[in-house]
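Have a look at run20.cif; it's mmCIF, C-alpha atoms, pLDDT in the B column; chains and numbers go by the auth columns:
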```
data_target
loop_
_atom_site.group_PDB
_atom_site.id
_atom_site.type_symbol
_atom_site.label_atom_id
_atom_site.label_comp_id
_atom_site.label_asym_id
_atom_site.label_seq_id
_atom_site.Cartn_x
_atom_site.Cartn_y
_atom_site.Cartn_z
_atom_site.B_iso_or_equiv
_atom_site.auth_seq_id
_atom_site.auth_asym_id
ATOM 1 C CA MET A 1 0.000 0.000 0.000 53.00 1 A
ATOM 2 C CA LYS A 2 1.394 3.342 -1.031 55.00 2 A
ATOM 3 C CA LEU A 3 1.664 5.880 1.765 56.00 3 A
ATOM 4 C CA VAL A 4 0.394 9.295 0.724 53.00 4 A
ATOM 5 C CA MET A 5 2.222 12.117 2.465 50.00 5 A
ATOM 6 C CA PRO A 6 0.314 15.313 3.201 60.00 6 A
ATOM 7 C CA ASP A 7 0.937 18.122 0.797 70.00 7 A
ATOM 8 C CA GLY A 8 3.091 20.775 2.476 77.00 8 A
ATOM 9 C CA ARG A 9 1.121 23.605 0.970 77.00 9 A
ATOM 10 C CA ARG A 10 -2.136 22.110 2.200 78.00 10 A
ATOM 11 C CA VAL A 11 -0.761 21.758 5.720 80.00 11 A
ATOM 12 C CA ARG A 12 0.469 25.342 5.714 80.00 12 A
ATOM 13 C CA ALA A 13 -2.870 26.579 4.361 75.00 13 A
ATOM 14 C CA GLU A 14 -4.780 24.721 7.085 81.00 14 A
ATOM 15 C CA GLN A 15 -2.442 26.113 9.718 84.00 15 A
ATOM 16 C CA LYS A 16 -2.954 29.616 8.364 85.00 16 A
ATOM 17 C CA ARG A 17 -6.744 29.190 8.453 86.00 17 A
ATOM 18 C CA SER A 18 -6.550 27.938 12.020 87.00 18 A
ATOM 19 C CA GLU A 19 -4.396 30.905 13.023 90.00 19 A
ATOM 20 C CA ARG A 20 -6.754 33.359 11.295 91.00 20 A
ATOM 21 C CA ARG A 21 -9.777 31.851 13.058 93.00 21 A
ATOM 22 C CA GLU A 22 -7.982 32.081 16.403 94.00 22 A
ATOM 23 C CA LEU A 23 -7.132 35.716 15.665 95.00 23 A
ATOM 24 C CA ILE A 24 -10.813 36.509 15.102 96.00 24 A
ATOM 25 C CA VAL A 25 -11.888 34.671 18.260 96.00 25 A
ATOM 26 C CA LEU A 26 -9.350 36.483 20.444 96.00 26 A
ATOM 27 C CA ALA A 27 -10.335 39.825 18.941 97.00 27 A
ATOM 28 C CA ALA A 28 -13.999 39.054 19.639 96.00 28 A
ATOM 29 C CA GLU A 29 -13.178 38.244 23.261 96.00 29 A
ATOM 30 C CA ARG A 30 -11.578 41.673 23.713 96.00 30 A
ATOM 31 C CA ILE A 31 -14.325 43.560 21.874 96.00 31 A
ATOM 32 C CA PHE A 32 -17.208 41.844 23.665 94.00 32 A
ATOM 33 C CA ARG A 33 -15.542 42.511 26.999 94.00 33 A
ATOM 34 C CA GLN A 34 -14.892 46.184 26.196 94.00 34 A
ATOM 35 C CA HIS A 35 -18.240 47.057 24.603 92.00 35 A
ATOM 36 C CA GLY A 36 -20.633 44.308 25.670 89.00 36 A
ATOM 37 C CA TYR A 37 -22.361 41.946 23.284 87.00 37 A
ATOM 38 C CA HIS A 38 -25.141 44.297 22.160 86.00 38 A
ATOM 39 C CA ALA A 39 -22.937 47.330 21.537 90.00 39 A
ATOM 40 C CA ALA A 40 -20.163 45.410 19.792 93.00 40 A
ATOM 41 C CA SER A 41 -20.284 45.100 16.015 94.00 41 A
ATOM 42 C CA ILE A 42 -18.659 42.929 13.395 95.00 42 A
ATOM 43 C CA THR A 43 -16.775 46.031 12.244 96.00 43 A
ATOM 44 C CA ASP A 44 -15.279 46.367 15.739 96.00 44 A
ATOM 45 C CA ILE A 45 -14.114 42.743 15.619 96.00 45 A
ATOM 46 C CA ILE A 46 -12.704 43.120 12.116 96.00 46 A
ATOM 47 C CA ASP A 47 -10.770 46.242 13.076 96.00 47 A
ATOM 48 C CA ALA A 48 -9.410 44.607 16.243 96.00 48 A
ATOM 49 C CA ALA A 49 -8.321 41.516 14.312 95.00 49 A
ATOM 50 C CA GLY A 50 -6.826 43.553 11.471 94.00 50 A
ATOM 51 C CA ILE A 51 -8.621 41.594 8.766 93.00 51 A
ATOM 52 C CA SER A 52 -11.056 42.300 5.956 92.00 52 A
ATOM 53 C CA ARG A 53 -14.800 41.807 6.187 93.00 53 A
ATOM 54 C CA GLY A 54 -14.548 39.067 3.587 93.00 54 A
ATOM 55 C CA SER A 55 -12.011 37.211 5.716 93.00 55 A
ATOM 56 C CA PHE A 56 -14.350 37.379 8.708 95.00 56 A
ATOM 57 C CA TYR A 57 -17.205 35.810 6.765 95.00 57 A
ATOM 58 C CA LEU A 58 -14.994 32.930 5.679 94.00 58 A
ATOM 59 C CA TYR A 59 -15.102 31.738 9.288 95.00 59 A
ATOM 60 C CA PHE A 60 -18.269 33.159 10.863 95.00 60 A
ATOM 61 C CA ASP A 61 -21.564 34.196 9.349 93.00 61 A
ATOM 62 C CA SER A 62 -22.629 36.555 12.153 92.00 62 A
ATOM 63 C CA LYS A 63 -21.749 38.131 15.469 92.00 63 A
ATOM 64 C CA ASP A 64 -23.906 35.494 17.139 90.00 64 A
ATOM 65 C CA ALA A 65 -21.811 32.735 15.593 93.00 65 A
ATOM 66 C CA VAL A 66 -18.651 34.183 17.152 94.00 66 A
ATOM 67 C CA PHE A 67 -20.298 34.430 20.561 92.00 67 A
ATOM 68 C CA LEU A 68 -21.492 30.837 20.330 91.00 68 A
ATOM 69 C CA GLN A 69 -17.918 29.815 19.586 93.00 69 A
ATOM 70 C CA LEU A 70 -16.735 31.674 22.686 94.00 70 A
ATOM 71 C CA ILE A 71 -19.164 29.742 24.866 92.00 71 A
ATOM 72 C CA GLU A 72 -17.979 26.441 23.374 92.00 72 A
ATOM 73 C CA ARG A 73 -14.398 27.508 23.946 94.00 73 A
ATOM 74 C CA PHE A 74 -15.078 28.295 27.604 94.00 74 A
ATOM 75 C CA VAL A 75 -16.889 24.986 28.148 91.00 75 A
ATOM 76 C CA GLY A 76 -13.926 23.166 26.641 93.00 76 A
ATOM 77 C CA PHE A 77 -11.426 24.866 28.942 95.00 77 A
ATOM 78 C CA ILE A 78 -13.513 24.147 32.055 93.00 78 A
ATOM 79 C CA THR A 79 -14.228 20.507 31.262 91.00 79 A
ATOM 80 C CA GLU A 80 -10.563 19.934 30.458 94.00 80 A
ATOM 81 C CA ALA A 81 -9.551 21.488 33.790 94.00 81 A
ATOM 82 C CA LEU A 82 -11.798 19.307 35.950 90.00 82 A
ATOM 83 C CA GLN A 83 -10.695 15.793 36.844 89.00 83 A
ATOM 84 C CA VAL A 84 -12.692 13.089 38.610 87.00 84 A
ATOM 85 C CA VAL A 85 -11.660 12.746 42.255 86.00 85 A
ATOM 86 C CA ASP A 86 -11.482 9.151 43.482 85.00 86 A
ATOM 87 C CA PRO A 87 -12.210 9.227 47.243 83.00 87 A
ATOM 88 C CA LYS A 88 -10.390 5.912 47.630 83.00 88 A
ATOM 89 C CA LEU A 89 -7.080 7.451 46.640 86.00 89 A
ATOM 90 C CA PRO A 90 -4.928 9.342 49.190 88.00 90 A
ATOM 91 C CA GLU A 91 -5.729 12.986 49.966 89.00 91 A
ATOM 92 C CA PRO A 92 -8.993 13.432 48.022 89.00 92 A
ATOM 93 C CA ALA A 93 -9.416 16.916 49.514 89.00 93 A
ATOM 94 C CA LYS A 94 -6.103 17.897 47.942 91.00 94 A
ATOM 95 C CA ARG A 95 -7.334 16.604 44.570 92.00 95 A
ATOM 96 C CA ILE A 96 -10.468 18.747 44.917 92.00 96 A
ATOM 97 C CA LEU A 97 -8.348 21.800 45.712 94.00 97 A
ATOM 98 C CA GLU A 98 -6.256 21.091 42.614 95.00 98 A
ATOM 99 C CA ASN A 99 -9.474 21.086 40.558 94.00 99 A
ATOM 100 C CA VAL A 100 -10.374 24.472 42.022 95.00 100 A
ATOM 101 C CA GLN A 101 -6.879 25.751 41.227 97.00 101 A
ATOM 102 C CA ARG A 102 -7.167 24.644 37.599 96.00 102 A
ATOM 103 C CA VAL A 103 -10.543 26.391 37.231 96.00 103 A
ATOM 104 C CA VAL A 104 -9.022 29.580 38.677 97.00 104 A
ATOM 105 C CA ASP A 105 -6.157 29.231 36.192 97.00 105 A
ATOM 106 C CA VAL A 106 -8.633 28.975 33.316 97.00 106 A
ATOM 107 C CA ALA A 107 -10.341 32.181 34.446 96.00 107 A
ATOM 108 C CA PHE A 108 -7.098 34.149 34.744 96.00 108 A
ATOM 109 C CA ASP A 109 -5.383 32.656 31.705 96.00 109 A
ATOM 110 C CA HIS A 110 -8.420 33.693 29.627 96.00 110 A
ATOM 111 C CA PRO A 111 -9.752 36.797 31.407 95.00 111 A
ATOM 112 C CA ASP A 112 -11.568 38.336 28.438 96.00 112 A
ATOM 113 C CA LEU A 113 -13.294 35.076 27.586 96.00 113 A
ATOM 114 C CA THR A 114 -14.296 34.418 31.201 96.00 114 A
ATOM 115 C CA MET A 115 -15.702 37.911 31.663 95.00 115 A
ATOM 116 C CA VAL A 116 -17.661 37.789 28.411 93.00 116 A
ATOM 117 C CA VAL A 117 -19.242 34.383 29.002 92.00 117 A
ATOM 118 C CA LEU A 118 -20.041 34.867 32.694 91.00 118 A
ATOM 119 C CA ARG A 119 -21.182 38.478 32.399 86.00 119 A
ATOM 120 C CA GLU A 120 -23.565 38.215 29.459 72.00 120 A
ATOM 121 C CA SER A 121 -27.163 37.488 30.450 66.00 121 A
ATOM 122 C CA ARG A 122 -29.932 35.678 28.665 68.00 122 A
ATOM 123 C CA GLY A 123 -32.057 37.569 26.191 70.00 123 A
ATOM 124 C CA LEU A 124 -29.440 37.985 23.447 67.00 124 A
ATOM 125 C CA ASN A 125 -31.279 35.620 21.103 77.00 125 A
ATOM 126 C CA ALA A 126 -32.776 32.149 21.278 83.00 126 A
ATOM 127 C CA GLN A 127 -29.685 30.362 19.998 82.00 127 A
ATOM 128 C CA VAL A 128 -27.315 32.124 22.380 81.00 128 A
ATOM 129 C CA ASP A 129 -29.768 31.622 25.254 84.00 129 A
ATOM 130 C CA ALA A 130 -29.864 27.900 24.507 86.00 130 A
ATOM 131 C CA LYS A 131 -26.057 27.743 24.515 84.00 131 A
ATOM 132 C CA LEU A 132 -25.838 29.621 27.820 85.00 132 A
ATOM 133 C CA ASP A 133 -28.480 27.308 29.280 87.00 133 A
ATOM 134 C CA ARG A 134 -26.390 24.358 28.121 87.00 134 A
ATOM 135 C CA LEU A 135 -23.292 25.823 29.764 86.00 135 A
ATOM 136 C CA TYR A 136 -24.932 26.337 33.147 89.00 136 A
ATOM 137 C CA GLY A 137 -26.782 23.049 32.838 90.00 137 A
ATOM 138 C CA LEU A 138 -23.482 21.284 32.252 88.00 138 A
ATOM 139 C CA LEU A 139 -21.864 23.015 35.228 90.00 139 A
ATOM 140 C CA HIS A 140 -24.811 22.121 37.464 92.00 140 A
ATOM 141 C CA GLU A 141 -24.737 18.523 36.274 92.00 141 A
ATOM 142 C CA MET A 142 -21.026 18.222 36.998 89.00 142 A
ATOM 143 C CA VAL A 143 -21.222 19.779 40.469 92.00 143 A
ATOM 144 C CA GLU A 144 -24.396 17.917 41.462 92.00 144 A
ATOM 145 C CA GLY A 145 -22.875 14.646 40.271 90.00 145 A
ATOM 146 C CA ALA A 146 -19.742 15.294 42.324 89.00 146 A
ATOM 147 C CA LEU A 147 -21.867 15.985 45.428 91.00 147 A
ATOM 148 C CA VAL A 148 -23.930 12.831 44.943 91.00 148 A
ATOM 149 C CA ASN A 149 -20.825 10.690 44.460 88.00 149 A
ATOM 150 C CA GLY A 150 -19.122 12.393 47.403 88.00 150 A
ATOM 151 C CA ASP A 151 -22.041 11.508 49.659 89.00 151 A
ATOM 152 C CA LYS A 152 -22.158 7.903 48.445 89.00 152 A
ATOM 153 C CA SER A 153 -18.438 7.442 49.039 87.00 153 A
ATOM 154 C CA GLY A 154 -18.451 9.142 52.450 88.00 154 A
ATOM 155 C CA LEU A 155 -16.270 12.008 51.263 88.00 155 A
ATOM 156 C CA THR A 156 -18.884 14.768 51.632 89.00 156 A
ATOM 157 C CA ARG A 157 -21.935 15.352 53.809 90.00 157 A
ATOM 158 C CA LYS A 158 -25.450 14.793 52.528 93.00 158 A
ATOM 159 C CA VAL A 159 -26.866 18.059 51.189 93.00 159 A
ATOM 160 C CA ASN A 160 -29.505 19.303 48.784 95.00 160 A
ATOM 161 C CA GLU A 161 -27.315 18.867 45.709 94.00 161 A
ATOM 162 C CA ALA A 162 -29.288 21.212 43.430 94.00 162 A
ATOM 163 C CA VAL A 163 -29.229 24.102 45.909 96.00 163 A
ATOM 164 C CA VAL A 164 -25.595 23.674 46.904 94.00 164 A
ATOM 165 C CA ALA A 165 -24.509 23.323 43.254 94.00 165 A
ATOM 166 C CA THR A 166 -26.236 26.620 42.454 95.00 166 A
ATOM 167 C CA ALA A 167 -24.526 28.298 45.421 95.00 167 A
ATOM 168 C CA LEU A 168 -21.077 26.990 44.472 94.00 168 A
ATOM 169 C CA ILE A 169 -21.383 28.015 40.825 94.00 169 A
ATOM 170 C CA GLY A 170 -22.663 31.439 41.866 94.00 170 A
ATOM 171 C CA ALA A 171 -19.767 31.909 44.281 94.00 171 A
ATOM 172 C CA PHE A 172 -17.157 31.086 41.645 94.00 172 A
ATOM 173 C CA LYS A 173 -18.901 33.293 39.067 94.00 173 A
ATOM 174 C CA GLU A 174 -19.086 36.351 41.302 95.00 174 A
ATOM 175 C CA VAL A 175 -15.504 35.979 42.535 95.00 175 A
ATOM 176 C CA PHE A 176 -14.228 35.804 38.962 95.00 176 A
ATOM 177 C CA LEU A 177 -16.335 38.729 37.740 95.00 177 A
ATOM 178 C CA TRP A 178 -15.204 40.897 40.642 95.00 178 A
ATOM 179 C CA HIS A 179 -11.493 40.112 40.673 95.00 179 A
ATOM 180 C CA LEU A 180 -10.997 39.996 36.899 95.00 180 A
ATOM 181 C CA ALA A 181 -12.356 43.545 36.756 92.00 181 A
ATOM 182 C CA LEU A 182 -9.746 44.804 39.238 91.00 182 A
ATOM 183 C CA PRO A 183 -6.339 46.180 38.224 90.00 183 A
ATOM 184 C CA VAL A 184 -3.731 43.429 38.193 83.00 184 A
ATOM 185 C CA ALA A 185 -1.920 44.979 41.162 83.00 185 A
ATOM 186 C CA GLU A 186 -5.062 44.658 43.305 89.00 186 A
ATOM 187 C CA THR A 187 -5.875 41.059 42.390 88.00 187 A
ATOM 188 C CA PRO A 188 -4.998 38.363 44.956 90.00 188 A
ATOM 189 C CA GLU A 189 -2.615 35.594 43.946 93.00 189 A
ATOM 190 C CA ARG A 190 -4.298 32.722 42.143 94.00 190 A
ATOM 191 C CA GLU A 191 -3.363 30.326 44.940 95.00 191 A
ATOM 192 C CA VAL A 192 -5.062 32.620 47.456 95.00 192 A
ATOM 193 C CA LEU A 193 -8.247 32.740 45.382 95.00 193 A
ATOM 194 C CA ALA A 194 -8.286 28.967 44.931 95.00 194 A
ATOM 195 C CA GLU A 195 -7.718 28.285 48.622 95.00 195 A
ATOM 196 C CA SER A 196 -10.338 30.865 49.621 95.00 196 A
ATOM 197 C CA LEU A 197 -12.943 29.383 47.279 94.00 197 A
ATOM 198 C CA PHE A 198 -12.113 25.916 48.572 94.00 198 A
ATOM 199 C CA GLU A 199 -12.396 26.989 52.209 93.00 199 A
ATOM 200 C CA PHE A 200 -15.628 28.909 51.631 91.00 200 A
ATOM 201 C CA GLY A 201 -17.489 26.555 49.365 89.00 201 A
ATOM 202 C CA ILE A 202 -16.073 23.074 49.779 90.00 202 A
ATOM 203 C CA ARG A 203 -14.228 22.531 53.061 87.00 203 A
ATOM 204 C CA GLY A 204 -17.446 22.506 55.091 87.00 204 A
ATOM 205 C CA LEU A 205 -18.922 19.830 52.849 87.00 205 A
ATOM 206 C CA LEU A 206 -16.181 17.330 53.616 87.00 206 A
ATOM 207 C CA VAL A 207 -16.908 14.669 56.200 83.00 207 A
ATOM 208 C CA SER A 208 -13.280 14.843 57.364 69.00 208 A
ATOM 209 C CA PRO A 209 -12.092 18.426 56.686 54.00 209 A
#
```
Show this structure as structure tokens.
Amino acid sequence: MKLVMPDGRRVRAEQKRSERRELIVLAAERIFRQHGYHAASITDIIDAAGISRGSFYLYFDSKDAVFLQLIERFVGFITEALQVVDPKLPEPAKRILENVQRVVDVAFDHPDLTMVVLRESRGLNAQVDAKLDRLYGLLHEMVEGALVNGDKSGLTRKVNEAVVATALIGAFKEVFLWHLALPVAETPEREVLAESLFEFGIRGLLVSP
């Protein structure tokens, strides 16, 4: 069987398209954070990315499409950061804290994206609303599942999982929105934020703190 090697020009072209798409996405993150979703325009994104209008429409057909991509991007970063904690392994509380630390790192490694996704409210349009609902539904499902499994394994106390999941997600959201809006010099160290969120929202749930 003859092995067909990829054409170098094709590889370079695909890489260039990927880089151009990433350029648009990063520009959209900045513009949506600066102006808000409603006030931002495709022209603003084009100018920030330094591309032509035609180039923009090669990758996205609307402002909504870019915002939907940002939500997917954020979901991907969060799900990649979270790892299942096996209560049978040593120091499960430490593993939970490491999960919190990775989520904090996502927020501060991608501040524009985090602010845009967490700050925007429903009512943009039906498609965006559905994507935001999916995001928060996924977060609730993950946190509720962790609480249920924690109770079954004896790692955490029995609680109303739906209520506590809402409280935990709300706490993380408000902490990120507040501290990402501060000047860098006034923002606590990431380790401090992670430990504080852990102590506030999770330590009291553990059967053996």
Practice prompt. Can you give me, as an MDAnalysis selection string, the residues this file yields under the PyMOL selection byres ((chain A and resi 163-173) around 6)?
Written response: chainID A and resid 140 143:144 160:162 174:176
Kindly export the residues of the current selection with C-alpha atoms, as a PDB file, keeping the file's coordinate frame.
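For reference, again.pdb as written:
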```
ATOM      1  CA  HIS A 140     -24.811  22.121  37.464  1.00 92.00           C
ATOM      2  CA  VAL A 143     -21.222  19.779  40.469  1.00 92.00           C
ATOM      3  CA  GLU A 144     -24.396  17.917  41.462  1.00 92.00           C
ATOM      4  CA  ASN A 160     -29.505  19.303  48.784  1.00 95.00           C
ATOM      5  CA  GLU A 161     -27.315  18.867  45.709  1.00 94.00           C
ATOM      6  CA  ALA A 162     -29.288  21.212  43.430  1.00 94.00           C
ATOM      7  CA  GLU A 174     -19.086  36.351  41.302  1.00 95.00           C
ATOM      8  CA  VAL A 175     -15.504  35.979  42.535  1.00 95.00           C
ATOM      9  CA  PHE A 176     -14.228  35.804  38.962  1.00 95.00           C
TER      10      PHE A 176
END
```
Matched chain/residue IDs from the PyMOL selection byres ((chain A and resi 107) around 10), as a compact mmCIF listing (two decimals) with C-alpha atoms, keeping the file's coordinate frame:
```
# COMPACT_ATOMS: atom_id res chain seq x y z
CA PHE A 74 -15.08 28.30 27.60
CA PHE A 77 -11.43 24.87 28.94
CA ILE A 78 -13.51 24.15 32.06
CA GLN A 101 -6.88 25.75 41.23
CA ARG A 102 -7.17 24.64 37.60
CA VAL A 103 -10.54 26.39 37.23
CA VAL A 104 -9.02 29.58 38.68
CA ASP A 105 -6.16 29.23 36.19
CA VAL A 106 -8.63 28.98 33.32
CA PHE A 108 -7.10 34.15 34.74
CA ASP A 109 -5.38 32.66 31.70
CA HIS A 110 -8.42 33.69 29.63
CA PRO A 111 -9.75 36.80 31.41
CA ASP A 112 -11.57 38.34 28.44
CA LEU A 113 -13.29 35.08 27.59
CA THR A 114 -14.30 34.42 31.20
CA MET A 115 -15.70 37.91 31.66
CA PHE A 172 -17.16 31.09 41.64
CA LYS A 173 -18.90 33.29 39.07
CA PHE A 176 -14.23 35.80 38.96
CA LEU A 177 -16.34 38.73 37.74
CA LEU A 180 -11.00 40.00 36.90
CA ARG A 190 -4.30 32.72 42.14
```
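In this comparison, which uses only C-alpha atoms, the residue of A:Gly150, A:Glu29, A:Arg134, A:Ser55 approaching Ala93 in chain A most closely is A:Gly150.
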Practice prompt. Please measure the separation of CA of Glu22 in chain A and CA of Trp178 in chain A, giving the value in Å to one decimal.
Written response: 26.8 Å
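For the atom pair formed by CA of Ile24 in chain A and CA of Ile42 in chain A, the distance is 10.3 Å, given to one decimal.
Take the PyMOL selection byres ((chain A and resi 21) around 10) and apply it to this file: it picks Gln15, Lys16, Arg17, Ser18, Glu19, Arg20, Glu22, Leu23, Ile24, Val25, Leu26, Ala27, Ala49, Ser55, Phe56, Leu58, Tyr59 and Phe60 of chain A.
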File of the preceding selection, C-alpha atoms, as a tab-separated table (two decimals), in the frame of the given file:
```tsv
chain	number	residue	atom	x	y	z
A	15	GLN	CA	-2.44	26.11	9.72
A	16	LYS	CA	-2.95	29.62	8.36
A	17	ARG	CA	-6.74	29.19	8.45
A	18	SER	CA	-6.55	27.94	12.02
A	19	GLU	CA	-4.40	30.90	13.02
A	20	ARG	CA	-6.75	33.36	11.30
A	22	GLU	CA	-7.98	32.08	16.40
A	23	LEU	CA	-7.13	35.72	15.66
A	24	ILE	CA	-10.81	36.51	15.10
A	25	VAL	CA	-11.89	34.67	18.26
A	26	LEU	CA	-9.35	36.48	20.44
A	27	ALA	CA	-10.34	39.83	18.94
A	49	ALA	CA	-8.32	41.52	14.31
A	55	SER	CA	-12.01	37.21	5.72
A	56	PHE	CA	-14.35	37.38	8.71
A	58	LEU	CA	-14.99	32.93	5.68
A	59	TYR	CA	-15.10	31.74	9.29
A	60	PHE	CA	-18.27	33.16	10.86
```
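CA of Phe67 in chain A is positioned 8.5 Å from CA of Val117 in chain A.
With distances restricted to all atoms listed in the file, A:Lys63 is the closest residue to Ala40 in chain A from A:Arg73, A:Arg53, A:Lys94, A:Lys63.
With all atoms listed in the file as the atoms that count, the minimum distance from Val207 in chain A to the choices A:Pro87, A:Gln127, A:Glu120, A:Glu191 is reached by A:Pro87.
Among the candidates A:Asp151, A:Glu14, A:Glu141, A:Asp86, the one nearest to Leu206 in chain A when counting all atoms listed in the file is A:Asp151.
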Discussion item. I'd like the contact shell of Val75 in chain A - 12 Å cut-off, only C-alpha atoms, skipping same-chain residues fewer than 3 positions apart - returned as number ranges by chain.
Written reply: A: 68-72, 78-82, 103, 106-107, 113-114, 117-118, 131-139, 142
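Of the listed residues A:Leu182, A:Ala28, A:Gly76, A:Lys88, the one whose atoms come nearest to Gly50 in chain A is A:Ala28, with distances taken using only C-alpha atoms.
Nearest-residue note for Leu147 in chain A: choosing from A:Ala130, A:Ile31, A:Val84, A:Ala194, the minimum distance belongs to A:Val84, counting only C-alpha atoms.
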